[in-house]
Amino acid sequence: MLKDHLLISPEVQDALATGKPIIALESTIISHGMPYPQNLETARGCEAVARAHGAVPATCAILGGKLCVGLTDEQLDYLARTGTNVIKASRRDIPLLVARKLDGATTVTGTMILASMAGIRIHATGGIGGVHRGAQETMDISADLEELGKTPVVVVCAGAKSLLDLPLTMEYLETRGVPIIGYGTDELPGFYTRNTGLPVDARMDDVKEIAAAIRAQYELDYKGGMVVANPIPEEDALDSEYIEKVIQDAVDEAKEKGIRGKATTPFLLQRIHEITGGNSLASNIKLVYNNVAVASEIAKYL
Ligand code: PSU
Ligand code: MN
């Protein structure tokens with residue numbers, strides 16, 4: 001039974017029982033999305049930002065085959081140090097990790113699954129996966145887009161990186177029936193940049209209005225989630241021409257090296273961080289905190 005596999009931390013259990021605001025946080029961003037020790041600082045920082053905004057953080061991962069919702073500091077430290085030696089856990093991986101009692105760091109997809117099992121309705125991360133450039137041939141479309149179509153968890157993110165094909169990502173989300181709300185913006189933000197020229201479905205400037213949209217989706221018994229796209233703060237944004245060139249070089253390199261499947265996104269993230277020095281990593285951390293803050297504010301009205 002599910003309850004034999006789900007391990008909700010005492011703090012998160014208490015928050016669920018007493019109706020406190022809770023937000024889910026992913027762990028692939030720790031293991032595969034950033035280098036050590038910045039990944040550990042970010043994981044801790046996210047929890048601190050959530051608390052500062054009055055929400056209980058529930059970082060998700062699979063440890064020893066248990067679906068863990070809410071981690072200890074030792075567990076965060078373990079995931080940060082182990083890095084890419086931990087399995088990147090998406091939907092397909094979860095039953096196998098449970099059966100084999102292994103560890104996995106959950107992607108947006110994996111985190112949405114664990115959050116929804118625990119009864120958590122909102123998840124904050126950096127960027128979501130999407131339709132990769134060249135997907136017409138490779139069929140590389142992130143499972144995140146499928147999960148958003150069927151699991152009722154809202155994901156607050158800074159849009160998606162242009163290492164993805166953003167117009168196709170928007171098309172795919174439309175097909176799957178996923179609303180995209182721009183928080184204080186008419187355009188999908190581009191992760192390191194605030195604009196992509198792609199219109200969102202609705203602009204909302206007030207977290208209460210976003211909470212009302214989430215409640216409506218829930219009351220209609222829709223099965224799917226929602227994207228809240230929150231632009232990186234102006235002062236942390238990178239020059240779009242510069243970062244576009246860096247991303248194109250990383251994408252070309254991945255193609256040359258024959259990087260495929262689940263290794264693609266971590267490879268590209270790592271190369272972008274390397275090519276830009278500390279630059280893009282600093283922006284990445286800032287935008288994640290910004291998303292955690294907004295998700296926490298929304299969670300108060302859910
Ligand atoms: N995009 C980022 N940082 C990340 C990821 C995506 O800017 O860390 C991670 C998330 O965990 C996301 C996953 O769910 O990569 C998507 O991987 P894939 O493209 O293999 O579905
Ligand atoms: Mn993929």
# chains A, B, ... in the order shown; residues from 1 in each chain; ligands from 1
>>> select_by_dssp(residues="range 99-185 of chain A", states="strand (DSSP E or B)", output="NGL selection string")
:A and (104-106 or 122-124 or 131-132 or 141 or 154-157 or 159 or 164 or 180-183)
>>> select_by_dssp(residues="range 54-190 of chain A", states="helix (DSSP H, G or I)", output="MDAnalysis selection string")
chainID A and resid 73:85 91:100 108:118 135:138 143:150 166:175
>>> residues_near_ligand(ligand="ligand 2", cutoff="6 Å", atoms="only C-alpha atoms and all ligand atoms", output="VMD selection string")
chain A and resid 140 to 142 261 to 262
>>> closest_atom_pairs(of="range 197-302 of chain A", to="range 97-112 of chain A", cutoff="12 Å", atoms="only C-alpha atoms", output="Markdown table")
| residue | atom | partner | partner_atom | distance |
| --- | --- | --- | --- | --- |
| A:Gly224 | CA | A:Met112 | CA | 10.6 |
| A:Gly225 | CA | A:Met112 | CA | 9.0 |
| A:Met226 | CA | A:Met112 | CA | 11.2 |
| A:Val227 | CA | A:Val108 | CA | 11.6 |
| A:Lys262 | CA | A:Thr107 | CA | 10.6 |
| A:Thr265 | CA | A:Thr107 | CA | 11.0 |
| A:Pro266 | CA | A:Thr107 | CA | 11.1 |
>>> atom_distance(atom1="CA of Arg260 in chain A", atom2="CA of Thr175 in chain A")
24.8 Å
>>> residues_near_ligand(ligand="ligand 1", cutoff="9 Å", atoms="only C-alpha atoms and all ligand atoms", output="PyMOL selection string")
chain A and resi 26-34+88-90+105-111+125-132+140-145+158-161+164+191+261-266+269+284
>>> write_last_selection(atoms="C-alpha atoms", output="PDB file, in the first residue's frame")
ATOM      1  CA  GLU A  26      12.786  18.997  -5.893  1.00  0.00           C
ATOM      2  CA  SER A  27      16.138  17.260  -5.413  1.00  0.00           C
ATOM      3  CA  THR A  28      17.439  16.720  -8.970  1.00  0.00           C
ATOM      4  CA  ILE A  29      18.340  20.396  -8.945  1.00  0.00           C
ATOM      5  CA  ILE A  30      20.613  19.508  -5.982  1.00  0.00           C
ATOM      6  CA  SER A  31      22.184  16.338  -7.376  1.00  0.00           C
ATOM      7  CA  HIS A  32      22.234  17.046 -11.113  1.00  0.00           C
ATOM      8  CA  GLY A  33      21.443  20.747 -11.538  1.00  0.00           C
ATOM      9  CA  MET A  34      24.271  22.441  -9.639  1.00  0.00           C
ATOM     10  CA  LYS A  88      17.802  11.052 -11.440  1.00  0.00           C
ATOM     11  CA  ALA A  89      14.282   9.922 -10.647  1.00  0.00           C
ATOM     12  CA  SER A  90      11.433  10.630 -13.043  1.00  0.00           C
ATOM     13  CA  ALA A 105      16.768  12.541  -6.603  1.00  0.00           C
ATOM     14  CA  THR A 106      13.361  13.583  -7.890  1.00  0.00           C
ATOM     15  CA  THR A 107      12.940  15.762 -10.979  1.00  0.00           C
ATOM     16  CA  VAL A 108       9.984  18.125 -11.300  1.00  0.00           C
ATOM     17  CA  THR A 109       7.987  15.079 -12.437  1.00  0.00           C
ATOM     18  CA  GLY A 110       9.124  12.907  -9.533  1.00  0.00           C
ATOM     19  CA  THR A 111       8.524  15.726  -7.072  1.00  0.00           C
ATOM     20  CA  THR A 125      11.894  24.975  -8.752  1.00  0.00           C
ATOM     21  CA  GLY A 126      14.233  26.791 -11.146  1.00  0.00           C
ATOM     22  CA  GLY A 127      13.116  25.758 -14.612  1.00  0.00           C
ATOM     23  CA  ILE A 128      10.944  22.962 -15.951  1.00  0.00           C
ATOM     24  CA  GLY A 129      11.988  20.449 -18.582  1.00  0.00           C
ATOM     25  CA  GLY A 130      10.440  20.814 -22.021  1.00  0.00           C
ATOM     26  CA  VAL A 131      10.644  19.906 -25.680  1.00  0.00           C
ATOM     27  CA  HIS A 132      14.338  19.781 -26.587  1.00  0.00           C
ATOM     28  CA  ASP A 140      13.261  14.157 -26.475  1.00  0.00           C
ATOM     29  CA  ILE A 141      10.340  15.695 -24.639  1.00  0.00           C
ATOM     30  CA  SER A 142      10.621  16.002 -20.863  1.00  0.00           C
ATOM     31  CA  ALA A 143       8.281  13.870 -18.780  1.00  0.00           C
ATOM     32  CA  ASP A 144       7.627  17.115 -16.841  1.00  0.00           C
ATOM     33  CA  LEU A 145       5.195  18.191 -19.558  1.00  0.00           C
ATOM     34  CA  ALA A 158      11.328  30.997 -14.095  1.00  0.00           C
ATOM     35  CA  GLY A 159      10.073  29.608 -17.390  1.00  0.00           C
ATOM     36  CA  ALA A 160      12.484  27.335 -19.217  1.00  0.00           C
ATOM     37  CA  LYS A 161      15.966  27.693 -20.654  1.00  0.00           C
ATOM     38  CA  LEU A 164      14.789  23.839 -25.096  1.00  0.00           C
ATOM     39  CA  PHE A 191      15.072  31.440 -17.131  1.00  0.00           C
ATOM     40  CA  GLY A 261      18.237  10.679 -22.905  1.00  0.00           C
ATOM     41  CA  LYS A 262      18.183  11.633 -19.249  1.00  0.00           C
ATOM     42  CA  ALA A 263      21.838  12.711 -19.377  1.00  0.00           C
ATOM     43  CA  THR A 264      21.059  15.573 -21.764  1.00  0.00           C
ATOM     44  CA  THR A 265      19.674  18.181 -19.357  1.00  0.00           C
ATOM     45  CA  PRO A 266      22.346  17.654 -16.635  1.00  0.00           C
ATOM     46  CA  LEU A 269      23.330  22.641 -17.261  1.00  0.00           C
ATOM     47  CA  ASN A 284      20.269  30.427 -11.235  1.00  0.00           C
TER      48      ASN A 284
END
>>> closest_residue(among="A:Ala43, A:Val155, A:Ala24, A:Ala135", to="Leu168 in chain A", atoms="only C-alpha atoms")
A:Ala135
>>> residues_around(residues="Gly190 in chain A", least_positions_apart="4", cutoff="10 Å", atoms="only C-alpha atoms", output="MDAnalysis selection string")
chainID A and resid 127 158:164 166 194:198 229:232 237 240
